[in-house]
file my_file-v6.cif (mmCIF, C-alpha atoms and all ligand atoms)
data_run
loop_
_atom_site.label_atom_id
_atom_site.label_comp_id
_atom_site.auth_asym_id
_atom_site.auth_seq_id
_atom_site.Cartn_x
_atom_site.Cartn_y
_atom_site.Cartn_z
CA MET A 1 0.00 0.00 0.00
CA ILE A 2 1.24 3.49 -0.86
CA SER A 3 1.93 5.66 2.15
CA TYR A 4 2.69 9.36 2.18
CA LEU A 5 4.79 11.73 4.23
CA TYR A 6 3.13 15.04 4.98
CA ILE A 7 5.37 17.98 5.83
CA GLY A 8 4.13 21.16 7.49
CA VAL A 9 6.20 24.34 7.91
CA ASP A 10 5.15 27.66 9.46
CA ASP A 11 6.38 30.82 11.17
CA THR A 12 9.76 31.23 9.46
CA ASP A 13 9.44 34.84 8.32
CA SER A 14 9.47 38.29 9.89
CA PRO A 15 8.30 41.73 8.77
CA ASP A 16 11.91 42.35 7.67
CA GLY A 17 12.16 39.45 5.30
CA MET A 18 11.71 35.86 4.18
CA CYS A 19 8.44 34.19 3.34
CA THR A 20 7.51 30.64 4.25
CA THR A 21 6.49 29.99 0.62
CA TYR A 22 10.00 30.93 -0.56
CA LEU A 23 11.51 28.61 2.01
CA ALA A 24 9.19 25.87 0.73
CA SER A 25 10.29 26.54 -2.86
CA GLN A 26 13.92 26.07 -1.77
CA ILE A 27 13.00 22.78 -0.10
CA ILE A 28 11.27 21.69 -3.32
CA ASN A 29 14.40 22.54 -5.36
CA GLU A 30 16.52 20.40 -3.03
CA PHE A 31 13.93 17.63 -3.32
CA ASN A 32 14.16 17.81 -7.12
CA ASP A 33 17.97 17.64 -6.98
CA ASN A 34 17.64 14.50 -4.88
CA GLY A 35 14.94 12.80 -6.93
CA ILE A 36 12.20 13.42 -4.35
CA GLU A 37 8.92 14.23 -6.09
CA LEU A 38 5.94 16.05 -4.63
CA VAL A 39 2.53 14.43 -4.72
CA ASP A 40 0.14 17.24 -5.74
CA TYR A 41 1.02 20.94 -5.55
CA PRO A 42 2.56 22.41 -2.41
CA ARG A 43 -0.12 23.96 -0.23
CA LEU A 44 -0.38 27.49 1.14
CA ILE A 45 -3.04 27.44 3.84
CA ARG A 46 -4.37 30.64 5.38
CA LEU A 47 -5.52 30.30 8.98
CA ASN A 48 -7.34 32.43 11.55
CA PRO A 49 -7.17 36.02 10.26
CA PHE A 50 -7.28 37.24 13.88
CA ALA A 51 -4.27 35.17 15.07
CA ARG A 52 -2.17 37.45 17.24
CA HIS A 53 1.33 36.50 16.15
CA LYS A 54 0.92 36.55 12.41
CA THR A 55 3.46 38.44 10.31
CA ARG A 56 1.00 39.28 7.57
CA GLY A 57 -1.54 36.83 6.23
CA ASN A 58 -1.23 33.92 8.68
CA GLY A 59 -0.23 31.30 6.14
CA GLY A 60 1.31 27.88 6.70
CA VAL A 61 2.82 25.63 4.06
CA ALA A 62 2.46 21.89 3.50
CA LEU A 63 4.16 19.40 1.17
CA LYS A 64 3.23 15.78 0.45
CA ILE A 65 5.71 13.16 -0.80
CA LEU A 66 5.87 9.39 -0.99
CA ASN A 67 6.90 7.81 2.29
CA ASP A 68 9.65 5.71 0.73
CA SER A 69 13.38 5.16 1.15
CA LYS A 70 14.00 8.88 0.56
CA ALA A 71 11.69 10.07 3.33
CA GLU A 72 14.49 10.41 5.90
CA LEU A 73 16.57 12.45 3.43
CA ALA A 74 13.52 14.65 2.79
CA LYS A 75 13.18 15.32 6.52
CA GLU A 76 16.85 16.30 6.75
CA ILE A 77 16.46 18.70 3.82
CA VAL A 78 13.40 20.33 5.40
CA LEU A 79 15.02 20.82 8.81
CA GLU A 80 18.29 22.11 7.33
CA THR A 81 16.46 24.61 5.12
CA VAL A 82 14.36 25.89 8.02
CA GLU A 83 17.56 26.24 10.13
CA LYS A 84 19.30 28.07 7.30
CA LEU A 85 16.61 30.46 6.08
CA SER A 86 14.31 31.30 9.02
CA MET A 87 14.49 34.83 10.45
CA PHE A 88 15.58 33.65 13.90
CA ASP A 89 16.59 37.14 15.05
CA CYS A 90 12.99 38.29 15.14
CA ASP A 91 11.31 37.64 18.53
CA ASN A 92 8.10 36.84 16.75
CA THR A 93 9.61 34.18 14.49
CA ASN A 94 9.16 30.78 16.08
CA PRO A 95 9.31 28.13 13.37
CA GLY A 96 7.56 24.82 13.66
CA VAL A 97 7.95 21.80 11.40
CA ILE A 98 5.91 18.63 11.51
CA PHE A 99 6.17 15.31 9.71
CA TYR A 100 3.25 12.92 9.53
CA ASP A 101 3.12 9.58 7.75
CA GLY A 102 -0.42 8.35 8.39
CA GLU A 103 -3.83 9.04 6.87
CA ILE A 104 -5.32 12.47 7.48
CA THR A 105 -8.10 11.66 9.95
CA SER A 106 -11.38 13.50 10.54
CA GLU A 107 -9.98 14.54 13.92
CA MET A 108 -7.08 16.27 12.12
CA GLU A 109 -9.49 17.94 9.72
CA GLU A 110 -11.46 19.26 12.68
CA TYR A 111 -8.25 20.60 14.20
CA ALA A 112 -7.49 22.43 10.93
CA PHE A 113 -10.89 24.12 10.93
CA ARG A 114 -10.34 25.11 14.55
CA ALA A 115 -7.08 26.76 13.46
CA ILE A 116 -9.13 28.85 11.03
CA TYR A 117 -12.00 29.68 13.42
CA GLU A 118 -10.40 29.78 16.87
CA PHE A 119 -7.16 30.40 18.74
CA ILE A 120 -4.93 27.46 19.53
CA THR A 121 -2.00 27.51 21.97
CA ILE A 122 1.40 25.95 21.24
CA GLU A 123 0.79 23.46 24.06
CA GLU A 124 -2.58 22.41 22.63
CA ALA A 125 -1.09 21.97 19.17
CA GLU A 126 1.79 19.93 20.54
CA GLU A 127 -0.49 17.70 22.57
CA PHE A 128 -2.80 17.20 19.61
CA GLY A 129 0.09 16.59 17.19
CA ARG A 130 1.60 13.93 19.47
CA SER A 131 -1.79 12.28 20.02
CA VAL A 132 -2.20 11.68 16.28
CA GLY A 133 1.42 10.65 15.72
CA CYS A 134 3.07 13.76 14.26
CA GLU A 135 6.84 14.10 14.53
CA ILE A 136 7.24 17.60 15.95
CA HIS A 137 10.19 19.98 15.56
CA LYS A 138 10.05 23.28 17.42
CA PHE A 139 12.54 26.07 16.83
CA LYS A 140 12.66 28.68 19.62
CA LYS A 141 9.07 28.67 20.97
CA GLY A 142 7.96 26.58 18.01
CA ARG A 143 4.67 28.43 17.53
CA GLY A 144 4.72 27.39 13.88
CA ILE A 145 3.56 23.88 14.79
CA ILE A 146 0.05 25.31 15.26
CA GLY A 147 -0.14 26.27 11.60
CA SER A 148 1.97 23.36 10.32
CA ILE A 149 -0.43 20.73 11.63
CA ALA A 150 -3.38 22.66 10.18
CA ALA A 151 -1.65 23.12 6.80
CA ILE A 152 -1.30 19.38 6.21
CA SER A 153 -4.73 18.54 7.64
CA LEU A 154 -7.18 20.99 6.07
CA PRO A 155 -9.50 19.38 3.51
CA LEU A 156 -9.75 21.53 0.38
CA SER A 157 -13.27 21.13 -1.01
CA ASP A 158 -12.76 24.51 -2.67
CA TYR A 159 -9.34 25.86 -3.56
CA THR A 160 -7.46 28.28 -5.77
CA TYR A 161 -3.86 28.48 -6.94
CA GLU A 162 -1.20 31.14 -6.48
CA LEU A 163 1.91 31.49 -8.62
CA LEU A 164 4.70 33.16 -6.67
CA ALA A 165 7.75 34.52 -8.49
CA TYR A 166 10.85 35.13 -6.39
CA ARG A 167 13.53 37.83 -6.64
CA SER A 168 17.26 37.58 -6.57
CA GLN A 169 18.61 38.19 -3.05
CA ASP A 170 20.57 41.26 -4.25
CA ASN A 171 17.26 42.95 -4.97
CA TYR A 172 15.51 42.30 -1.64
CA GLY A 173 14.20 45.55 -0.21
CA THR A 174 14.54 47.49 -3.47
CA LYS A 175 11.69 48.72 -5.66
CA ARG A 176 10.27 45.83 -7.64
CA GLN A 177 10.81 46.14 -11.38
CA ILE A 178 7.40 45.11 -12.68
CA ASP A 179 6.05 46.56 -15.91
CA TYR A 180 2.62 47.73 -14.72
CA GLU A 181 1.25 48.02 -18.27
CA SER A 182 1.89 44.29 -18.72
CA VAL A 183 -0.02 43.58 -15.49
CA TYR A 184 -3.04 45.46 -16.90
CA GLU A 185 -2.69 43.43 -20.11
CA MET A 186 -2.43 40.20 -18.12
CA ASP A 187 -5.59 41.10 -16.19
CA ARG A 188 -7.47 41.94 -19.41
CA LYS A 189 -6.46 38.62 -20.96
CA THR A 190 -6.88 36.27 -17.99
CA PHE A 191 -9.57 37.69 -15.63
CA PRO A 192 -11.75 36.09 -14.22
CA ASP A 193 -9.62 32.91 -14.43
CA THR A 194 -7.07 35.00 -12.54
CA PHE A 195 -8.30 37.57 -10.03
CA GLU A 196 -7.13 40.11 -7.44
CA ASN A 197 -4.49 41.39 -9.89
CA ILE A 198 -5.34 45.07 -9.86
CA ASP A 199 -7.48 47.37 -7.78
CA TYR A 200 -8.87 49.57 -10.54
CA SER A 201 -10.48 52.03 -8.15
CA GLU A 202 -7.09 52.83 -6.63
CA ASN A 203 -4.83 51.94 -9.59
CA TYR A 204 -3.15 49.58 -7.20
CA ILE A 205 -1.14 46.63 -8.51
CA ALA A 206 -2.17 43.92 -6.06
CA ILE A 207 0.17 41.21 -7.39
CA GLU A 208 3.12 43.22 -6.03
CA PRO A 209 3.85 42.81 -2.30
CA LYS A 210 4.69 45.92 -0.33
CA THR A 211 7.14 44.27 2.07
CA PRO A 212 10.87 43.50 1.68
CA CYS A 213 10.18 39.77 1.24
CA PRO A 214 11.61 37.53 -1.54
CA VAL A 215 8.35 37.60 -3.53
CA LEU A 216 8.45 39.62 -6.76
CA TYR A 217 4.79 39.03 -7.50
CA GLY A 218 1.97 36.62 -6.75
CA ILE A 219 -0.84 35.86 -9.18
CA ARG A 220 -4.03 34.15 -7.98
CA SER A 221 -6.23 31.96 -10.10
CA ASN A 222 -8.77 29.17 -10.38
CA THR A 223 -6.54 27.22 -12.74
CA VAL A 224 -2.88 26.40 -13.26
CA GLU A 225 -3.24 26.99 -17.02
CA ALA A 226 -4.36 30.60 -16.46
CA LEU A 227 -1.41 31.17 -14.13
CA LYS A 228 1.08 29.97 -16.70
CA LYS A 229 -0.54 32.18 -19.34
CA ALA A 230 -0.47 35.14 -16.93
CA LYS A 231 3.20 34.61 -16.12
CA GLY A 232 3.96 34.71 -19.84
CA ILE A 233 2.32 38.13 -20.13
CA VAL A 234 3.73 39.93 -17.06
CA GLU A 235 7.04 41.59 -17.91
CA VAL A 236 9.67 42.33 -15.29
CA GLY A 237 12.96 44.22 -15.34
CA GLU A 238 14.80 42.04 -12.84
CA PRO A 239 15.68 38.35 -12.64
CA ILE A 240 13.12 35.80 -11.46
CA VAL A 241 15.34 33.29 -9.67
CA ASP A 242 12.55 30.85 -9.01
CA TRP A 243 8.77 30.47 -9.14
CA CYS A 244 6.34 28.05 -7.61
CA ILE A 245 2.61 27.32 -7.84
CA PHE A 246 0.76 26.67 -4.57
CA LYS A 247 -2.66 25.13 -4.05
CA THR A 248 -4.42 27.23 -1.46
CA ASN A 249 -7.60 27.99 0.46
CA GLN A 250 -7.24 31.68 -0.43
CA HIS A 251 -10.42 33.33 -1.70
CA THR A 252 -12.70 30.46 -0.69
CA ASP A 253 -14.49 32.11 2.28
CA MET A 254 -13.36 29.15 4.36
CA HIS A 255 -13.06 31.45 7.37
CA ILE A 256 -16.75 32.38 7.19
CA ARG A 257 -19.36 30.44 9.14
CA GLU A 258 -23.01 30.88 8.29
CA VAL A 259 -25.08 31.59 11.41
CA ARG A 260 -28.81 31.78 11.92
CA ASP A 261 -28.84 34.89 14.04
CA ILE A 262 -26.77 37.80 15.23
CA ALA A 263 -26.67 36.58 18.84
CA SER A 264 -24.83 33.39 17.75
CA MET A 265 -21.76 35.37 16.72
CA LYS A 266 -18.70 35.83 18.95
CA GLN A 267 -15.77 38.24 18.98
CA PHE A 268 -12.88 37.15 16.70
CA GLY A 269 -15.14 34.94 14.64
CA CYS A 270 -15.91 35.36 10.93
CA TYR A 271 -19.50 34.91 9.83
CA CYS A 272 -22.20 35.35 7.29
CA VAL A 273 -25.47 36.57 8.82
CA GLU A 274 -28.69 38.22 7.70
CA GLY A 275 -30.09 41.33 9.31
CA GLU A 276 -32.08 44.47 8.76
CA VAL A 277 -30.30 47.80 8.50
CA LYS A 278 -31.34 49.96 11.46
CA ASN A 279 -29.89 53.37 10.67
CA ARG A 280 -28.31 55.33 7.86
CA PRO A 281 -24.55 54.56 7.70
CA THR A 282 -22.52 57.44 9.13
CA ILE A 283 -18.88 58.29 8.74
CA ILE A 284 -16.79 59.20 11.79
CA ASP A 285 -13.35 60.77 12.32
CA GLY A 286 -10.73 58.71 10.59
CA GLY A 287 -13.07 58.00 7.72
CA HIS A 288 -14.62 54.80 9.06
CA MET A 289 -18.28 54.18 8.28
CA PHE A 290 -20.65 52.46 10.69
CA PHE A 291 -24.25 51.22 10.76
CA TYR A 292 -26.26 48.70 12.74
CA ILE A 293 -28.05 45.58 11.57
CA ALA A 294 -30.59 43.76 13.73
CA ASP A 295 -32.70 40.62 13.87
CA ASP A 296 -34.97 39.10 16.52
CA SER A 297 -31.94 37.96 18.54
CA GLY A 298 -30.14 41.31 18.77
CA GLU A 299 -28.13 43.85 16.88
CA ILE A 300 -24.52 44.50 15.92
CA GLU A 301 -22.55 47.47 14.69
CA CYS A 302 -21.08 46.93 11.22
CA GLY A 303 -18.03 48.81 9.98
CA ALA A 304 -16.61 49.65 6.57
CA TYR A 305 -13.22 50.99 7.53
CA GLU A 306 -11.20 53.75 5.87
CA PRO A 307 -8.93 51.34 3.91
CA THR A 308 -12.02 49.99 2.14
CA LYS A 309 -12.11 53.35 0.29
CA ASN A 310 -14.93 53.39 -2.30
CA PHE A 311 -16.73 50.50 -0.64
CA ARG A 312 -17.86 53.10 1.92
CA LYS A 313 -19.66 54.99 -0.84
CA ILE A 314 -21.61 51.84 -1.69
CA VAL A 315 -22.37 51.22 1.98
CA SER A 316 -23.63 54.80 2.31
CA HIS A 317 -26.52 53.86 -0.01
CA LEU A 318 -27.96 51.47 2.58
CA ARG A 319 -31.07 52.72 4.36
CA PRO A 320 -33.10 51.57 7.35
CA GLY A 321 -35.31 48.61 6.51
CA ASP A 322 -32.93 47.11 3.93
CA LYS A 323 -32.48 43.37 4.46
CA ILE A 324 -28.90 42.32 3.78
CA ARG A 325 -26.56 39.38 4.30
CA VAL A 326 -23.16 40.52 5.58
CA TYR A 327 -19.89 38.57 5.38
CA GLY A 328 -16.98 39.47 7.64
CA GLY A 329 -15.43 39.19 11.08
CA ILE A 330 -15.90 40.63 14.56
CA GLY A 331 -12.69 42.39 15.59
CA GLU A 332 -11.10 44.12 18.59
CA GLN A 333 -13.86 46.72 18.96
CA ASN A 334 -16.65 44.14 18.74
CA THR A 335 -17.67 45.63 15.43
CA PHE A 336 -18.53 43.45 12.45
CA ASN A 337 -15.90 44.29 9.85
CA VAL A 338 -17.79 43.93 6.55
CA GLU A 339 -15.91 42.13 3.75
CA LYS A 340 -18.91 41.99 1.43
CA PHE A 341 -22.68 42.05 1.58
CA GLN A 342 -25.57 40.79 -0.50
CA VAL A 343 -28.82 42.67 -0.73
CA ILE A 344 -31.71 40.39 0.20
CA GLU A 345 -34.48 42.95 -0.11
CA LEU A 346 -34.25 46.67 -0.46
CA ASN A 347 -36.60 48.94 1.36
CA ASP A 348 -37.70 51.00 -1.62
CA VAL A 349 -40.58 52.73 0.11
CA GLU A 350 -40.44 56.16 1.65
CA TYR A 351 -43.30 57.77 3.57
CA LYS A 352 -44.06 61.35 2.63
CA ASN A 353 -46.74 63.96 3.27
CA PRO A 354 -49.61 63.62 0.78
CA ILE A 355 -49.86 65.78 -2.36
CA CYS A 356 -52.74 68.24 -2.26
CA GLU A 357 -55.40 68.28 -5.01
CA CYS A 358 -53.79 71.48 -6.22
CA GLY A 359 -50.49 69.61 -6.79
CA LYS A 360 -48.47 71.03 -3.89
CA ARG A 361 -47.02 68.69 -1.24
CA MET A 362 -48.88 69.32 2.02
CA THR A 363 -47.24 70.19 5.33
CA SER A 364 -48.07 68.98 8.81
CA ALA A 365 -50.82 70.88 10.57
CA GLY A 366 -49.33 69.94 13.96
CA LYS A 367 -49.06 66.70 15.91
CA ASN A 368 -52.04 64.45 15.07
CA LYS A 369 -53.76 67.39 13.40
CA GLY A 370 -53.44 66.13 9.85
CA PHE A 371 -52.00 68.09 6.93
CA LYS A 372 -52.59 71.50 5.40
CA CYS A 373 -51.75 72.95 2.03
CA LYS A 374 -49.81 76.18 2.14
CA LYS A 375 -50.84 77.05 -1.41
CA CYS A 376 -54.63 76.57 -1.45
CA GLY A 377 -55.36 76.20 2.27
CA ARG A 378 -57.02 72.76 1.90
CA LYS A 379 -56.88 70.58 5.04
CA LEU A 380 -56.70 66.80 5.59
CA GLU A 381 -57.74 65.25 8.89
CA SER A 382 -55.68 62.07 8.58
CA SER A 383 -52.06 62.29 9.76
CA LYS A 384 -51.03 59.21 7.78
CA LYS A 385 -48.13 59.75 5.44
CA VAL A 386 -48.33 58.08 2.04
CA PRO A 387 -45.92 55.43 0.75
CA ILE A 388 -43.84 56.36 -2.28
CA LYS A 389 -41.63 53.96 -4.23
CA ILE A 390 -38.13 55.34 -4.51
CA GLN A 391 -35.29 54.62 -6.89
CA ARG A 392 -32.36 52.83 -5.25
CA PHE A 393 -28.73 52.77 -6.30
CA LEU A 394 -28.29 49.28 -4.81
CA LYS A 395 -29.92 46.28 -6.47
CA ASN A 396 -31.78 43.32 -4.97
CA ALA A 397 -29.77 40.04 -4.90
CA GLN A 398 -26.53 41.81 -5.84
CA PHE A 399 -23.24 41.36 -3.97
CA TYR A 400 -21.04 44.34 -3.07
CA GLU A 401 -17.45 43.81 -1.91
CA THR A 402 -14.45 45.65 -0.50
CA PRO A 403 -11.81 46.63 -3.08
CA VAL A 404 -8.93 44.27 -3.87
CA SER A 405 -6.49 46.46 -1.91
CA ALA A 406 -8.45 45.91 1.31
CA ARG A 407 -9.43 42.28 0.83
CA ARG A 408 -8.45 39.42 3.10
CA HIS A 409 -6.56 36.45 1.64
CA LEU A 410 -9.45 34.18 2.55
CA SER A 411 -12.28 36.38 1.25
CA LYS A 412 -14.04 34.98 -1.77
CA PRO A 413 -14.31 37.66 -4.45
CA ILE A 414 -17.65 38.13 -6.20
CA CYS A 415 -16.13 36.73 -9.41
CA ARG A 416 -15.86 33.37 -7.58
CA MET A 417 -19.28 33.47 -5.89
CA ASP A 418 -21.10 31.50 -8.60
CA LEU A 419 -18.51 28.70 -8.80
CA ASP A 420 -20.11 26.61 -6.03
P1 LIG B 501 3.24 35.10 5.95
O1 LIG B 501 1.88 35.48 5.50
O2 LIG B 501 4.29 35.95 5.35
O3 LIG B 501 3.50 33.62 5.76
P2 LIG B 501 2.23 34.92 8.48
O4 LIG B 501 1.30 36.06 8.61
O5 LIG B 501 1.75 33.61 7.99
O6 LIG B 501 3.37 35.34 7.53
P3 LIG B 501 3.51 33.50 10.53
O7 LIG B 501 4.94 33.84 10.57
O8 LIG B 501 3.10 32.26 9.84
O9 LIG B 501 2.80 34.76 9.92
O10 LIG B 501 2.93 33.51 11.99
C1 LIG B 501 1.62 33.10 12.33
C2 LIG B 501 1.68 32.28 13.59
O11 LIG B 501 0.37 32.06 14.11
C3 LIG B 501 2.28 30.91 13.33
O12 LIG B 501 3.15 30.60 14.39
C4 LIG B 501 1.09 29.96 13.37
O13 LIG B 501 1.43 28.67 13.80
C5 LIG B 501 0.21 30.68 14.35
N1 LIG B 501 -1.21 30.37 14.19
C6 LIG B 501 -1.86 30.02 13.06
N2 LIG B 501 -3.17 29.78 13.31
C7 LIG B 501 -3.36 30.01 14.62
C8 LIG B 501 -4.48 29.91 15.48
N3 LIG B 501 -5.67 29.57 15.04
N4 LIG B 501 -4.31 30.19 16.78
C9 LIG B 501 -3.10 30.57 17.26
N5 LIG B 501 -2.00 30.67 16.51
C10 LIG B 501 -2.11 30.39 15.19
#
call {"tool": "encode", "arguments": {"input": "my_file-v6.cif", "output": "structure tokens", "more": "lines below"}}
Ligand code: ATP
result
Amino acid sequence: MISYLYIGVDDTDSPDGMCTTYLASQIINEFNDNGIELVDYPRLIRLNPFARHKTRGNGGVALKILNDSKAELAKEIVLETVEKLSMFDCDNTNPGVIFYDGEITSEMEEYAFRAIYEFITIEEAEEFGRSVGCEIHKFKKGRGIIGSIAAISLPLSDYTYELLAYRSQDNYGTKRQIDYESVYEMDRKTFPDTFENIDYSENYIAIEPKTPCPVLYGIRSNTVEALKKAKGIVEVGEPIVDWCIFKTNQHTDMHIREVRDIASMKQFGCYCVEGEVKNRPTIIDGGHMFFYIADDSGEIECGAYEPTKNFRKIVSHLRPGDKIRVYGGIGEQNTFNVEKFQVIELNDVEYKNPICECGKRMTSAGKNKGFKCKKCGRKLESSKKVPIKIQRFLKNAQFYETPVSARRHLSKPICRMDLD
């Protein structure tokens, strides 16, 4: 019977450099030189977006190879590469490597989902890893084992791919030489098979990282073919020393749990919930926009923060009585940070004073005293306003999302919403 060796690596980078995917690509090169082949693509698995110690996007990496006579050599290569390339000087870099040669059990899958939805301690991860038979290697505090175990264990019912191109070390920290025109061309020719390339509202090239890491660019896609085509179109003015395609849970909404009511949601969880808009969204100092939604179980403040830029304009069109489904997470301030929303039913009725027979809109004649017409003096006893259908900017059933520049790695863009 064929058996496999699963390898998980996490927490090797720091804000000043390195990237666990680059480290993985170096391991893969060494594997190739030694005749060790990967089974399936390497994985880049994004975990709890609220994890406290993340460098950027809380991603762990996993590799799968045959558990054969070369397995011990593979382990040596992995551990040596982690020793050599991890950013050990950074307090927050605490690499963890795990090896596992059994079947991925449902218990391990559950653990992986917990690593997306909840917080796990190093001790818990270690205890769990040992209980299922993982070989555990901790460097410094070894926090990376939390993500490593999850990265090998997560089932991928939905997935995307990311092609990462890496720079020459001499260029780390310098301005990336990417021909932006070619990125626009690539997007025109490959979207929606590739996505998140450009934020058109901000003219922001999203494939280009903004940190001094080894990545020159990263292109995200539903298919490997589209990635290869895209790579052929993007022109760069510096060497690409290596590139690697990862299979990933990015842009799958895997972090989002659908809940029946508002009261079921907890702080630091990510959810999809329906509610009725209670007030007109208002902007406060700092440019953040807030509004409340409610259902029979309670209410919650929703926020579209300043970095979501034009999304706030869309949110400003919401009005009380609109029924919407919001997707996002509850952060530090206990506010629901909206990643996208779908309109369930717009409130397109406004109540106004009646129009007088003479054509003029009437005014109130005082509390419960009906209406009067200022033009012809006619009076109406009833104080009931009349419903008027109004034109809305938003549309029923439509999704509205934050711009690419403000989107989470895990958030499913609208262009992927009908792929289910
Ligand atoms: P990059 O995106 O560049 O790979 P990063 O944002 O992934 O960087 P890491 O260096 O991987 O940051 O650090 C994240 C740390 O959080 C890792 O040690 C990982 O094991 C840990 N972690 C992941 N998920 C959880 C969780 N659910 N609870 C607690 N810790 C977690």
call {"tool": "residues_around", "arguments": {"input": "my_file-v6.cif", "residues": "Ser382 in chain A", "least_positions_apart": "4", "cutoff": "12 Å", "atoms": "only C-alpha atoms", "output": "JSON, numbers by chain"}}
result
{"A": [353, 354, 362, 364, 365, 366, 367, 368, 369, 370, 371, 372, 386]}
call {"tool": "residues_near_ligand", "arguments": {"input": "my_file-v6.cif", "ligand": "ligand LIG 501 (chain B)", "cutoff": "6 Å", "atoms": "only C-alpha atoms and all ligand atoms", "output": "short mmCIF file (atom, residue, chain, number, x, y, z; two decimals) with C-alpha atoms, in the frame of the given file"}}
result
data_model
loop_
_atom_site.label_atom_id
_atom_site.label_comp_id
_atom_site.auth_asym_id
_atom_site.auth_seq_id
_atom_site.Cartn_x
_atom_site.Cartn_y
_atom_site.Cartn_z
CA ASP A 10 5.15 27.66 9.46
CA ASP A 11 6.38 30.82 11.17
CA THR A 12 9.76 31.23 9.46
CA ASP A 13 9.44 34.84 8.32
CA CYS A 19 8.44 34.19 3.34
CA THR A 20 7.51 30.64 4.25
CA LEU A 47 -5.52 30.30 8.98
CA ASN A 48 -7.34 32.43 11.55
CA ALA A 51 -4.27 35.17 15.07
CA HIS A 53 1.33 36.50 16.15
CA LYS A 54 0.92 36.55 12.41
CA THR A 55 3.46 38.44 10.31
CA ARG A 56 1.00 39.28 7.57
CA GLY A 57 -1.54 36.83 6.23
CA ASN A 58 -1.23 33.92 8.68
CA GLY A 59 -0.23 31.30 6.14
CA GLY A 60 1.31 27.88 6.70
CA ALA A 115 -7.08 26.76 13.46
CA ILE A 116 -9.13 28.85 11.03
CA GLU A 118 -10.40 29.78 16.87
CA PHE A 119 -7.16 30.40 18.74
CA ILE A 120 -4.93 27.46 19.53
CA THR A 121 -2.00 27.51 21.97
CA ARG A 143 4.67 28.43 17.53
CA GLY A 144 4.72 27.39 13.88
CA ILE A 145 3.56 23.88 14.79
CA ILE A 146 0.05 25.31 15.26
CA GLY A 147 -0.14 26.27 11.60
#
call {"tool": "residues_near_point", "arguments": {"input": "my_file-v6.cif", "point": "(-20.1, 31.7, -8.4)", "cutoff": "12 Å", "atoms": "all atoms listed in the file", "output": "PyMOL selection string"}}
result
chain A and resi 158+192+222+251-252+399+412-420
call {"tool": "write_last_selection", "arguments": {"input": "my_file-v6.cif", "atoms": "C-alpha atoms", "output": "PDB file, in the frame of the given file"}}
result
ATOM      1  CA  ASP A 158     -12.760  24.510  -2.670  1.00  0.00           C
ATOM      2  CA  PRO A 192     -11.750  36.090 -14.220  1.00  0.00           C
ATOM      3  CA  ASN A 222      -8.770  29.170 -10.380  1.00  0.00           C
ATOM      4  CA  HIS A 251     -10.420  33.330  -1.700  1.00  0.00           C
ATOM      5  CA  THR A 252     -12.700  30.460  -0.690  1.00  0.00           C
ATOM      6  CA  PHE A 399     -23.240  41.360  -3.970  1.00  0.00           C
ATOM      7  CA  LYS A 412     -14.040  34.980  -1.770  1.00  0.00           C
ATOM      8  CA  PRO A 413     -14.310  37.660  -4.450  1.00  0.00           C
ATOM      9  CA  ILE A 414     -17.650  38.130  -6.200  1.00  0.00           C
ATOM     10  CA  CYS A 415     -16.130  36.730  -9.410  1.00  0.00           C
ATOM     11  CA  ARG A 416     -15.860  33.370  -7.580  1.00  0.00           C
ATOM     12  CA  MET A 417     -19.280  33.470  -5.890  1.00  0.00           C
ATOM     13  CA  ASP A 418     -21.100  31.500  -8.600  1.00  0.00           C
ATOM     14  CA  LEU A 419     -18.510  28.700  -8.800  1.00  0.00           C
ATOM     15  CA  ASP A 420     -20.110  26.610  -6.030  1.00  0.00           C
TER      16      ASP A 420
END
call {"tool": "atom_distance", "arguments": {"input": "my_file-v6.cif", "atom1": "CA of Pro155 in chain A", "atom2": "CA of Glu109 in chain A"}}
result
6.4 Å
call {"tool": "residues_around", "arguments": {"input": "my_file-v6.cif", "residues": "range 392-395 of chain A", "least_positions_apart": "2", "cutoff": "9 Å", "atoms": "only C-alpha atoms", "output": "PyMOL selection string"}}
result
chain A and resi 314+317-318+343+345-348+390+397-400
call {"tool": "closest_residue", "arguments": {"input": "my_file-v6.cif", "among": "A:Lys141, A:Arg43, A:Arg260, A:Lys278", "to": "Ser153 in chain A", "atoms": "all atoms listed in the file"}}
result
A:Arg43
call {"tool": "residues_around", "arguments": {"input": "my_file-v6.cif", "residues": "range 321-333 of chain A", "least_positions_apart": "4", "cutoff": "8 Å", "atoms": "all atoms listed in the file", "output": "tab-separated table (two decimals) with C-alpha atoms, keeping the file's coordinate frame"}}
result
chain	number	residue	atom	x	y	z
A	50	PHE	CA	-7.28	37.24	13.88
A	256	ILE	CA	-16.75	32.38	7.19
A	266	LYS	CA	-18.70	35.83	18.95
A	267	GLN	CA	-15.77	38.24	18.98
A	268	PHE	CA	-12.88	37.15	16.70
A	269	GLY	CA	-15.14	34.94	14.64
A	270	CYS	CA	-15.91	35.36	10.93
A	271	TYR	CA	-19.50	34.91	9.83
A	272	CYS	CA	-22.20	35.35	7.29
A	273	VAL	CA	-25.47	36.57	8.82
A	274	GLU	CA	-28.69	38.22	7.70
A	275	GLY	CA	-30.09	41.33	9.31
A	276	GLU	CA	-32.08	44.47	8.76
A	277	VAL	CA	-30.30	47.80	8.50
A	278	LYS	CA	-31.34	49.96	11.46
A	337	ASN	CA	-15.90	44.29	9.85
A	338	VAL	CA	-17.79	43.93	6.55
A	339	GLU	CA	-15.91	42.13	3.75
A	340	LYS	CA	-18.91	41.99	1.43
A	341	PHE	CA	-22.68	42.05	1.58
A	342	GLN	CA	-25.57	40.79	-0.50
A	343	VAL	CA	-28.82	42.67	-0.73
A	344	ILE	CA	-31.71	40.39	0.20
A	345	GLU	CA	-34.48	42.95	-0.11
A	346	LEU	CA	-34.25	46.67	-0.46
A	347	ASN	CA	-36.60	48.94	1.36
